[in-house]
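Q: So that you have it, the file is target-v8.cif, and it contains mmCIF, C-alpha atoms and all ligand atoms:
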```cif
data_query
#
loop_
_atom_site.label_atom_id
_atom_site.label_comp_id
_atom_site.auth_asym_id
_atom_site.auth_seq_id
_atom_site.Cartn_x
_atom_site.Cartn_y
_atom_site.Cartn_z
CA MET A 1 0.00 0.00 0.00
CA LYS A 2 2.80 2.37 0.99
CA LYS A 3 4.61 1.55 -2.25
CA ARG A 4 1.48 2.32 -4.27
CA LEU A 5 1.03 5.67 -2.55
CA LEU A 6 4.63 6.56 -3.25
CA LEU A 7 4.20 5.62 -6.91
CA ILE A 8 1.04 7.75 -7.24
CA SER A 9 2.74 10.71 -5.57
CA LEU A 10 5.69 10.35 -7.93
CA LEU A 11 3.37 10.20 -10.94
CA VAL A 12 1.47 13.28 -9.76
CA LEU A 13 4.72 15.16 -9.26
CA THR A 14 5.98 14.10 -12.68
CA PHE A 15 2.78 15.27 -14.40
CA ALA A 16 2.84 18.53 -12.49
CA PHE A 17 6.42 19.11 -13.61
CA VAL A 18 5.68 18.28 -17.24
CA GLY A 19 2.60 20.52 -17.08
CA ALA A 20 4.64 23.41 -15.76
CA VAL A 21 7.20 23.03 -18.54
CA ARG A 22 4.42 22.85 -21.15
CA ALA A 23 2.77 26.02 -19.83
CA GLN A 24 5.87 28.00 -20.77
CA ASP A 25 6.46 26.05 -23.93
CA LEU A 26 4.11 27.87 -26.27
CA SER A 27 3.04 26.39 -29.58
CA GLY A 28 0.62 27.12 -32.39
CA GLN A 29 0.58 30.39 -34.27
CA LEU A 30 0.83 34.13 -33.75
CA GLU A 31 -0.49 36.44 -36.44
CA ILE A 32 1.04 39.94 -36.27
CA PHE A 33 -0.77 42.46 -38.48
CA SER A 34 0.96 45.68 -39.60
CA TRP A 35 1.92 47.88 -42.55
CA TRP A 36 5.62 47.31 -42.05
CA ALA A 37 6.28 45.58 -45.35
CA GLY A 38 9.31 45.71 -47.65
CA ASP A 39 11.66 48.59 -46.76
CA GLU A 40 9.69 49.12 -43.56
CA GLY A 41 10.23 45.53 -42.47
CA PRO A 42 13.69 45.13 -40.88
CA ALA A 43 12.85 46.49 -37.42
CA LEU A 44 9.75 44.30 -37.11
CA GLU A 45 11.72 41.31 -38.34
CA ALA A 46 14.30 41.90 -35.59
CA LEU A 47 11.51 41.82 -33.00
CA ILE A 48 10.09 38.64 -34.50
CA ALA A 49 13.56 37.03 -34.40
CA LEU A 50 13.77 37.86 -30.69
CA TYR A 51 10.29 36.41 -30.14
CA ASN A 52 11.22 33.25 -32.06
CA SER A 53 14.35 32.77 -29.97
CA GLN A 54 12.23 32.88 -26.81
CA ASN A 55 9.29 30.93 -28.23
CA PRO A 56 10.67 28.48 -30.80
CA GLY A 57 7.46 26.44 -30.82
CA VAL A 58 5.30 29.29 -32.14
CA GLU A 59 4.88 29.83 -35.86
CA VAL A 60 4.78 33.61 -36.49
CA ILE A 61 2.64 34.83 -39.37
CA ASN A 62 3.93 38.25 -40.33
CA ALA A 63 0.81 39.63 -42.01
CA THR A 64 1.61 42.94 -43.67
CA VAL A 65 -0.44 45.18 -45.95
CA THR A 66 1.82 47.59 -47.82
CA GLY A 67 1.13 51.31 -47.79
CA GLY A 68 2.81 54.09 -45.82
CA SER A 69 1.07 55.34 -42.68
CA GLY A 70 -1.28 52.35 -42.85
CA VAL A 71 -3.54 53.77 -45.54
CA ASN A 72 -4.36 50.30 -46.86
CA ALA A 73 -3.76 48.23 -43.72
CA ARG A 74 -6.31 50.12 -41.66
CA ALA A 75 -9.06 49.39 -44.18
CA VAL A 76 -8.23 45.66 -44.20
CA LEU A 77 -8.07 45.64 -40.41
CA LYS A 78 -11.48 47.25 -40.14
CA THR A 79 -13.03 44.54 -42.32
CA ARG A 80 -11.42 41.82 -40.23
CA MET A 81 -12.32 43.35 -36.88
CA LEU A 82 -15.90 44.01 -37.85
CA GLY A 83 -16.17 40.62 -39.53
CA GLY A 84 -15.12 38.78 -36.37
CA THR A 85 -11.76 37.50 -37.65
CA PRO A 86 -9.25 39.69 -35.82
CA PRO A 87 -5.53 38.99 -36.03
CA ASP A 88 -3.81 38.05 -32.76
CA THR A 89 -2.31 41.51 -32.53
CA PHE A 90 -2.10 44.58 -34.75
CA GLN A 91 -0.17 47.82 -35.16
CA VAL A 92 -2.16 50.78 -33.90
CA HIS A 93 -1.12 54.33 -33.05
CA ALA A 94 -1.32 55.42 -29.44
CA GLY A 95 -4.05 57.98 -28.87
CA GLU A 96 -7.35 58.40 -30.65
CA GLU A 97 -6.64 55.76 -33.31
CA LEU A 98 -6.61 53.16 -30.51
CA THR A 99 -9.04 54.60 -27.99
CA GLY A 100 -11.47 56.46 -30.24
CA THR A 101 -11.77 53.58 -32.71
CA TRP A 102 -11.26 50.19 -31.08
CA VAL A 103 -11.51 50.69 -27.31
CA VAL A 104 -14.69 52.71 -27.58
CA ALA A 105 -16.20 49.86 -29.61
CA ASP A 106 -15.19 47.29 -26.94
CA ARG A 107 -12.89 45.46 -29.31
CA MET A 108 -9.72 45.43 -27.19
CA GLU A 109 -8.72 43.53 -24.05
CA ASP A 110 -7.60 45.47 -20.98
CA LEU A 111 -3.87 44.91 -20.40
CA SER A 112 -3.56 46.68 -17.05
CA ASP A 113 -2.72 43.43 -15.20
CA LEU A 114 0.12 42.85 -17.66
CA TYR A 115 1.30 46.43 -17.08
CA ALA A 116 1.39 45.75 -13.34
CA SER A 117 3.16 42.39 -13.59
CA GLU A 118 5.75 43.67 -16.10
CA GLY A 119 6.43 46.92 -14.22
CA TRP A 120 5.34 48.95 -17.25
CA ASN A 121 3.53 51.62 -15.24
CA GLU A 122 6.99 52.89 -14.28
CA ALA A 123 8.77 51.94 -17.53
CA PHE A 124 6.62 54.04 -19.90
CA PRO A 125 6.02 57.79 -19.55
CA ALA A 126 2.80 58.52 -17.65
CA ASP A 127 1.55 60.88 -20.39
CA LEU A 128 1.90 58.14 -22.96
CA ILE A 129 0.09 55.58 -20.79
CA ASP A 130 -2.71 58.13 -20.41
CA LEU A 131 -3.28 58.02 -24.16
CA LEU A 132 -3.64 54.23 -24.03
CA THR A 133 -6.02 54.34 -21.08
CA VAL A 134 -9.80 54.47 -20.94
CA ASP A 135 -11.61 54.28 -17.59
CA GLY A 136 -8.59 52.73 -15.88
CA GLY A 137 -8.04 50.03 -18.53
CA ILE A 138 -4.81 50.12 -20.58
CA TYR A 139 -5.24 48.82 -24.10
CA SER A 140 -1.92 48.52 -25.94
CA VAL A 141 1.86 48.31 -25.52
CA PRO A 142 3.94 51.05 -27.19
CA VAL A 143 7.08 49.96 -28.98
CA ASN A 144 8.44 53.37 -30.02
CA ILE A 145 8.22 57.12 -30.30
CA HIS A 146 8.42 58.63 -33.79
CA ARG A 147 8.72 62.32 -34.66
CA SER A 148 6.54 63.74 -37.42
CA ASN A 149 7.99 67.26 -37.87
CA VAL A 150 11.39 66.61 -39.44
CA LEU A 151 13.01 68.28 -42.46
CA TRP A 152 15.41 66.01 -44.39
CA TYR A 153 18.13 67.07 -46.81
CA ASN A 154 21.39 66.03 -48.42
CA PRO A 155 24.21 68.02 -46.72
CA ALA A 156 26.64 67.74 -49.65
CA LYS A 157 24.05 69.07 -52.08
CA ILE A 158 22.99 71.89 -49.77
CA ALA A 159 26.64 72.98 -49.61
CA GLU A 160 26.97 72.66 -53.40
CA TRP A 161 23.89 74.83 -53.96
CA GLY A 162 25.16 77.37 -51.44
CA VAL A 163 21.91 77.56 -49.46
CA THR A 164 21.21 77.34 -45.76
CA VAL A 165 18.71 75.00 -44.17
CA PRO A 166 15.53 77.05 -43.65
CA ALA A 167 14.49 77.68 -40.05
CA THR A 168 11.14 79.19 -41.10
CA TRP A 169 8.74 78.69 -43.99
CA ASP A 170 9.48 82.22 -45.19
CA GLU A 171 13.18 81.37 -45.43
CA PHE A 172 12.22 78.29 -47.44
CA LEU A 173 10.01 80.35 -49.75
CA ALA A 174 12.82 82.87 -50.27
CA ALA A 175 15.18 80.06 -51.35
CA CYS A 176 12.57 78.38 -53.57
CA PRO A 177 13.46 80.21 -56.85
CA THR A 178 17.13 79.28 -56.47
CA PHE A 179 16.21 75.61 -56.58
CA GLN A 180 13.68 76.03 -59.35
CA GLU A 181 16.23 77.83 -61.53
CA ALA A 182 18.66 74.95 -60.94
CA GLY A 183 15.99 72.43 -62.01
CA VAL A 184 15.73 71.03 -58.48
CA ILE A 185 12.39 70.36 -56.73
CA PRO A 186 12.51 72.64 -53.66
CA LEU A 187 10.27 70.38 -51.56
CA VAL A 188 9.29 66.90 -52.69
CA VAL A 189 5.95 65.35 -51.75
CA GLY A 190 4.61 61.91 -52.63
CA GLU A 191 1.25 60.12 -52.59
CA ALA A 192 -1.78 61.74 -50.93
CA TRP A 193 -1.09 60.96 -47.26
CA THR A 194 2.39 62.52 -47.47
CA VAL A 195 0.71 65.81 -48.42
CA ASN A 196 -1.40 65.57 -45.24
CA HIS A 197 1.83 64.83 -43.40
CA LEU A 198 3.38 68.02 -44.76
CA TRP A 199 0.24 69.93 -43.78
CA GLU A 200 0.58 69.05 -40.11
CA SER A 201 4.12 70.43 -40.02
CA VAL A 202 3.10 73.61 -41.85
CA ALA A 203 0.13 74.02 -39.48
CA LEU A 204 2.38 73.54 -36.45
CA GLY A 205 4.86 76.05 -37.88
CA VAL A 206 2.17 78.67 -38.43
CA LEU A 207 0.04 78.07 -35.32
CA GLY A 208 2.73 77.13 -32.80
CA ALA A 209 2.20 74.39 -30.20
CA ASP A 210 -0.67 76.14 -28.38
CA GLY A 211 -2.47 76.93 -31.60
CA TRP A 212 -2.08 73.34 -32.80
CA ASN A 213 -3.37 71.91 -29.54
CA GLY A 214 -6.19 74.45 -29.72
CA ILE A 215 -7.58 72.76 -32.83
CA TRP A 216 -8.40 69.72 -30.67
CA THR A 217 -9.72 71.64 -27.68
CA GLY A 218 -11.87 74.10 -29.63
CA GLU A 219 -9.66 77.11 -28.85
CA THR A 220 -8.38 77.42 -32.42
CA ALA A 221 -11.38 78.00 -34.67
CA PRO A 222 -11.13 75.68 -37.71
CA ALA A 223 -12.30 78.42 -40.07
CA GLY A 224 -10.81 81.36 -38.16
CA GLU A 225 -8.06 83.78 -39.21
CA GLU A 226 -5.23 81.63 -37.87
CA MET A 227 -6.37 78.59 -39.83
CA LEU A 228 -6.80 80.65 -42.99
CA GLY A 229 -3.16 81.61 -42.44
CA VAL A 230 -2.23 77.92 -42.32
CA TRP A 231 -3.97 77.14 -45.63
CA ASN A 232 -2.48 80.20 -47.31
CA LYS A 233 1.03 79.29 -46.20
CA PHE A 234 0.44 75.70 -47.27
CA ASN A 235 -0.57 76.95 -50.70
CA GLU A 236 2.66 78.94 -51.06
CA VAL A 237 4.76 75.99 -49.88
CA LEU A 238 3.09 73.61 -52.32
CA ALA A 239 3.80 76.00 -55.16
CA CYS A 240 7.44 75.09 -54.46
CA SER A 241 6.79 71.36 -54.67
CA ASN A 242 6.17 68.64 -57.25
CA LEU A 243 2.47 68.34 -56.32
CA GLY A 244 0.46 67.54 -59.42
CA ALA A 245 3.59 66.63 -61.42
CA ASP A 246 4.91 63.20 -60.40
CA SER A 247 3.88 63.33 -56.73
CA ALA A 248 0.93 60.91 -56.73
CA GLY A 249 3.10 58.02 -57.92
CA LEU A 250 5.78 58.41 -55.26
CA SER A 251 5.89 56.43 -52.02
CA TRP A 252 7.48 58.20 -49.06
CA GLN A 253 10.66 56.21 -49.71
CA GLN A 254 10.76 57.35 -53.34
CA ALA A 255 10.33 60.96 -52.22
CA ILE A 256 13.29 60.54 -49.86
CA ASP A 257 15.26 58.91 -52.72
CA LYS A 258 14.90 62.16 -54.66
CA VAL A 259 16.48 64.10 -51.80
CA VAL A 260 19.32 61.60 -51.52
CA ALA A 261 19.91 61.81 -55.29
CA GLY A 262 19.92 65.62 -55.25
CA GLU A 263 16.81 65.86 -57.46
CA ALA A 264 14.94 67.53 -54.61
CA ALA A 265 16.27 69.82 -51.89
CA PHE A 266 13.99 68.97 -48.97
CA ASN A 267 11.35 66.58 -47.74
CA ILE A 268 9.19 66.68 -44.63
CA MET A 269 8.62 63.20 -43.27
CA GLY A 270 8.52 61.33 -39.99
CA ASP A 271 11.74 59.84 -38.73
CA TRP A 272 11.01 56.43 -40.19
CA ALA A 273 12.89 58.23 -43.01
CA ALA A 274 16.00 58.06 -40.79
CA GLY A 275 15.41 54.33 -40.40
CA TYR A 276 15.12 53.95 -44.17
CA MET A 277 18.23 56.00 -44.89
CA THR A 278 20.39 54.21 -42.30
CA THR A 279 19.03 50.65 -42.37
CA THR A 280 18.11 50.29 -46.06
CA LEU A 281 20.31 52.85 -47.82
CA GLY A 282 23.29 52.55 -45.43
CA LEU A 283 23.72 56.33 -45.01
CA GLU A 284 25.20 58.03 -41.95
CA PRO A 285 23.23 60.75 -40.17
CA GLY A 286 24.99 64.11 -40.43
CA THR A 287 27.02 63.21 -43.53
CA GLY A 288 24.82 60.97 -45.71
CA PHE A 289 21.70 62.85 -44.72
CA GLY A 290 20.89 65.97 -42.74
CA PHE A 291 17.94 66.69 -40.49
CA ALA A 292 16.34 69.65 -38.75
CA ALA A 293 13.01 70.46 -37.14
CA ALA A 294 10.43 71.33 -39.81
CA PRO A 295 10.54 75.10 -40.47
CA GLY A 296 9.08 77.14 -37.64
CA THR A 297 8.80 74.16 -35.29
CA ALA A 298 12.16 74.08 -33.46
CA GLY A 299 11.60 73.28 -29.79
CA THR A 300 8.40 71.34 -30.49
CA PHE A 301 8.34 67.57 -30.98
CA MET A 302 5.25 66.38 -32.84
CA TRP A 303 5.11 62.81 -31.71
CA LEU A 304 3.36 59.53 -32.44
CA SER A 305 3.77 56.03 -31.14
CA ASP A 306 3.30 52.61 -32.72
CA SER A 307 1.75 50.12 -30.35
CA PHE A 308 0.24 46.63 -30.34
CA GLY A 309 -2.69 45.28 -28.39
CA LEU A 310 -4.80 42.17 -27.88
CA PRO A 311 -8.10 42.29 -29.77
CA VAL A 312 -11.18 40.67 -28.26
CA GLY A 313 -11.51 37.23 -29.88
CA ALA A 314 -7.83 36.89 -30.82
CA PRO A 315 -7.25 33.21 -31.61
CA ASN A 316 -3.92 32.77 -29.77
CA VAL A 317 -4.06 34.73 -26.54
CA ASP A 318 -1.04 33.21 -24.72
CA ASN A 319 1.19 33.62 -27.76
CA THR A 320 0.06 37.24 -28.04
CA ILE A 321 0.77 37.99 -24.38
CA ALA A 322 4.28 36.59 -24.92
CA TRP A 323 4.63 38.91 -27.95
CA LEU A 324 3.52 41.94 -25.97
CA LYS A 325 6.05 41.06 -23.27
CA VAL A 326 8.83 40.99 -25.86
CA LEU A 327 7.95 44.33 -27.38
CA GLY A 328 7.54 46.00 -24.00
CA SER A 329 10.93 44.77 -22.77
CA VAL A 330 14.20 46.74 -22.83
CA GLU A 331 15.67 44.04 -25.08
CA GLY A 332 12.74 44.24 -27.50
CA GLN A 333 12.75 48.02 -27.69
CA ASN A 334 16.49 48.01 -28.29
CA ALA A 335 16.20 45.39 -31.04
CA PHE A 336 13.52 47.38 -32.84
CA ASN A 337 14.21 51.10 -32.54
CA PRO A 338 17.79 51.50 -33.80
CA LEU A 339 16.64 49.95 -37.10
CA LYS A 340 13.29 51.79 -37.24
CA GLY A 341 14.51 55.36 -36.86
CA SER A 342 12.46 55.80 -33.69
CA ILE A 343 13.40 56.01 -30.03
CA PRO A 344 12.15 53.59 -27.39
CA ALA A 345 8.92 54.35 -25.59
CA ARG A 346 10.49 52.89 -22.42
CA VAL A 347 12.32 55.52 -20.42
CA ASP A 348 15.17 53.15 -19.47
CA ALA A 349 16.05 51.56 -22.83
CA VAL A 350 18.47 54.05 -24.44
CA SER A 351 20.57 54.31 -21.28
CA ALA A 352 20.79 50.50 -21.19
CA ALA A 353 22.57 50.44 -24.58
CA PRO A 354 23.39 53.98 -25.81
CA GLU A 355 25.90 52.63 -28.33
CA LEU A 356 22.99 51.27 -30.40
CA TYR A 357 21.62 54.76 -31.05
CA ASN A 358 23.14 56.86 -33.85
CA ALA A 359 23.53 60.64 -33.94
CA TYR A 360 20.02 61.22 -35.30
CA LEU A 361 18.41 59.02 -32.65
CA GLN A 362 20.47 60.59 -29.87
CA SER A 363 19.25 64.01 -30.96
CA ALA A 364 15.64 62.79 -31.16
CA ALA A 365 15.95 61.31 -27.66
CA ALA A 366 17.33 64.62 -26.34
CA ASP A 367 14.51 66.58 -28.01
CA TRP A 368 11.86 64.15 -26.73
CA GLY A 369 13.17 64.84 -23.23
CA SER A 370 13.36 68.63 -23.52
CA ASN A 371 10.94 69.86 -26.22
CA ARG A 372 7.29 70.81 -26.01
CA LEU A 373 5.30 67.73 -27.08
CA VAL A 374 2.27 67.82 -29.38
CA GLY A 375 0.37 64.91 -30.93
CA SER A 376 0.32 64.07 -34.64
CA LEU A 377 -2.97 64.16 -36.53
CA VAL A 378 -1.97 62.03 -39.52
CA HIS A 379 -0.51 59.30 -37.29
CA GLY A 380 -3.39 58.80 -34.95
CA VAL A 381 -2.69 60.75 -31.78
CA ALA A 382 -4.82 63.88 -32.04
CA ALA A 383 -8.12 63.03 -33.67
CA ASN A 384 -10.47 60.12 -34.16
CA GLU A 385 -10.65 58.04 -37.34
CA ARG A 386 -13.74 59.85 -38.52
CA PHE A 387 -11.84 63.14 -38.59
CA MET A 388 -8.74 61.53 -40.09
CA GLY A 389 -10.75 59.92 -42.87
CA ASP A 390 -12.77 63.04 -43.63
CA PHE A 391 -9.66 65.20 -43.55
CA ASN A 392 -8.66 63.44 -46.78
CA THR A 393 -11.73 65.03 -48.33
CA VAL A 394 -10.75 68.44 -46.94
CA MET A 395 -7.40 67.99 -48.64
CA GLU A 396 -9.08 67.03 -51.89
CA VAL A 397 -11.13 70.24 -51.66
CA PHE A 398 -7.91 72.17 -51.14
CA VAL A 399 -5.99 70.53 -53.98
CA ALA A 400 -8.89 71.07 -56.38
CA SER A 401 -9.72 74.66 -55.34
CA ARG A 402 -6.48 75.99 -53.82
CA SER A 403 -8.83 78.14 -51.78
CA ALA A 404 -8.01 78.74 -48.10
CA GLU A 405 -11.64 79.69 -47.39
CA ALA A 406 -13.11 76.58 -49.02
CA SER A 407 -10.63 74.32 -47.22
CA ALA A 408 -11.14 75.96 -43.84
CA ASN A 409 -14.92 75.74 -44.20
CA ALA A 410 -14.66 72.08 -45.17
CA MET A 411 -12.51 71.44 -42.10
CA ALA A 412 -15.00 73.26 -39.86
CA ALA A 413 -17.73 70.94 -41.15
CA VAL A 414 -15.59 67.87 -40.48
CA CYS A 415 -14.89 69.15 -36.97
CA ILE A 416 -18.61 69.20 -36.32
CA THR A 417 -19.43 65.79 -37.80
CA SER A 418 -16.48 64.02 -36.13
CA GLY A 419 -16.71 65.84 -32.82
CA ALA A 420 -12.90 65.85 -32.82
CA CYS A 421 -12.27 69.56 -32.31
CA GLY A 422 -13.45 70.08 -28.74
CA GLY A 423 -15.93 72.80 -27.93
C1 LIG A 501 3.45 55.74 -39.54
C2 LIG A 501 3.98 54.70 -38.58
C3 LIG A 501 5.44 54.52 -38.78
C4 LIG A 501 5.76 54.29 -40.24
C5 LIG A 501 5.07 55.30 -41.14
C6 LIG A 501 5.26 55.11 -42.62
O1 LIG A 501 2.07 55.90 -39.40
O2 LIG A 501 3.71 55.10 -37.28
O3 LIG A 501 5.95 53.49 -37.98
O4 LIG A 501 5.43 53.00 -40.55
O5 LIG A 501 3.71 55.35 -40.85
O6 LIG A 501 4.58 54.02 -43.10
#
```
Would you give me this structure, written as structure tokens?
A:
Amino acid sequence: MKKRLLLISLLVLTFAFVGAVRAQDLSGQLEIFSWWAGDEGPALEALIALYNSQNPGVEVINATVTGGSGVNARAVLKTRMLGGTPPDTFQVHAGEELTGTWVVADRMEDLSDLYASEGWNEAFPADLIDLLTVDGGIYSVPVNIHRSNVLWYNPAKIAEWGVTVPATWDEFLAACPTFQEAGVIPLVVGEAWTVNHLWESVALGVLGADGWNGIWTGETAPAGEEMLGVWNKFNEVLACSNLGADSAGLSWQQAIDKVVAGEAAFNIMGDWAAGYMTTTLGLEPGTGFGFAAAPGTAGTFMWLSDSFGLPVGAPNVDNTIAWLKVLGSVEGQNAFNPLKGSIPARVDAVSAAPELYNAYLQSAAADWGSNRLVGSLVHGVAANERFMGDFNTVMEVFVASRSAEASANAMAAVCITSGACGG
């Protein structure tokens, strides 16, 4: 009898041990949905490699839908989410794109327990966590901080042309004829969303940080004098661009290529452009490419953050939690950001491995710590999806009419229908 009892206890212990090992030994699949395809892929692939090394039994499906700023991916995601076939996890911008679209519709799981167990409430800036939080629930894990308001140029060409990097839009406009006479595009834009991207930097330059924030609180009237000033300046700036020539066919990378090749003098783009120029093109910041705050925006950092969450109904919950743990870790953030052109969202990651961060990223990290911070519109922070979608129509009105009044009135209407402009 004693022997039998001992045998049973041994068996129970053995099963318990095997069970414990199995619980950590994840298997099955993990579908990660994003728009980081092609040239945008290396940083995500580094994160996936780290995940694979920790979870060799999981098959990762890297589901990407090409198209800068997620123009195509977001539409596909919407169909899947509404159709009840969500991916395990998906790229979503911190701020309104997450909270005003998916959290409000009860489509995301609350991750606040994970935040507590991983120590993330201290690891991420409180202001950033606030933008992921609704009624005490926290709904995604941020992997980076990108900057929207950056002016890119080729330092060798700028020296050759004998011009200085413009600190204001008026300085840029004064230099515009010099480039045009030399057959150089003064400011290159690409497909439609990159024009919106330029707009937010011009608006910030004209309105300043308070004026920009005022759009979203109702203090800056969408059809008031200040906003008319934005549209008028935007009109002048675009007269010094390739809009309407070859712009519509250019991806953001192809627009940057024109700057690198000396066919265009400047481009305004988020600092994923730094990731592209260093990781894909092999250029060095400072020599291979130059960077400055978009004209009129020095001292202000227009930010955005890519994050991932756990949708309600995700097929592989444990595998997704393991993924979120990787991308919220110091190791994960340091695998991803040096390749991406962004800085870590975690406050302790750069100091853990400063040698990974090049001169551009060091300067972005310093600015993130010292500048005035404002949220990007085009990349999901400032306004809900309704506004973002309808703003495309406002831009179409502008491009067709080139009228500041018509554009400002269209924006005022969108403010009302979306409810995104405070008041
Ligand atoms: C942004 C995104 C960046 C980058 C960029 C260009 O919206 O936050 O990580 O992917 O689009 O596609």
Q: Mind running chain A against ligand LIG 501 (chain A) at 6 Å and telling me each contacting residue's nearest atom pair with the distance in Å (one decimal), counting all atoms listed in the file, chain and number ascending, as JSON lines?
A:
```
{"residue": "A:Trp36", "atom": "CA", "partner": "A:LIG501", "partner_atom": "O4", "distance": 5.9}
{"residue": "A:Gly68", "atom": "CA", "partner": "A:LIG501", "partner_atom": "O6", "distance": 3.2}
{"residue": "A:Ser69", "atom": "CA", "partner": "A:LIG501", "partner_atom": "O5", "distance": 3.2}
{"residue": "A:Gly70", "atom": "CA", "partner": "A:LIG501", "partner_atom": "O1", "distance": 6.0}
{"residue": "A:Trp272", "atom": "CA", "partner": "A:LIG501", "partner_atom": "C4", "distance": 5.7}
{"residue": "A:Asp306", "atom": "CA", "partner": "A:LIG501", "partner_atom": "O2", "distance": 5.2}
{"residue": "A:His379", "atom": "CA", "partner": "A:LIG501", "partner_atom": "O1", "distance": 4.8}
```
Q: Do you know which residues are at most 8 Å from A:Val397 counting all atoms listed in the file, after dropping those on the same chain fewer than 6 positions away, and could you put them as a PyMOL selection string?
A: chain A and resi 406-407+410
Q: Just how far from atom CA of A:Trp193 is atom CA of A:Gly380, in Å to one decimal?
A: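 Atom CA of A:Trp193 lies 12.7 Å from atom CA of A:Gly380.
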Q: Just how far from atom CA of A:Asn384 is atom CA of A:Asn232, in Å to one decimal?
A: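 Here the two named atoms are 25.3 Å from each other.
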Q: Kindly indicate which residue among A:Ser351, A:Glu219, A:Asp257, A:Leu228 lies nearest to A:Gly422, using only C-alpha atoms for the distances.
A: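 With only C-alpha atoms as the atom set, the closest residue is A:Glu219.
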Q: Can you measure atom CA of A:Val381 to atom CA of A:Ala400 for me? One decimal in Å is fine.
A: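 Those two atoms sit 27.4 Å apart.
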Q: Between A:Ala123, A:Val184, A:Ala49, A:Leu173, which residue has the minimum interatomic distance to A:Trp161, considering all atoms listed in the file?
A: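 Among A:Ala123, A:Val184, A:Ala49, A:Leu173, it is A:Val184 that comes nearest to A:Trp161.
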Q: With distances taken over all atoms listed in the file, which residue among A:Gly299, A:Gly290, A:Gly328, A:Gly224 lies nearest A:Asp367?
A: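 Under the stated criterion, the closest residue is A:Gly299.
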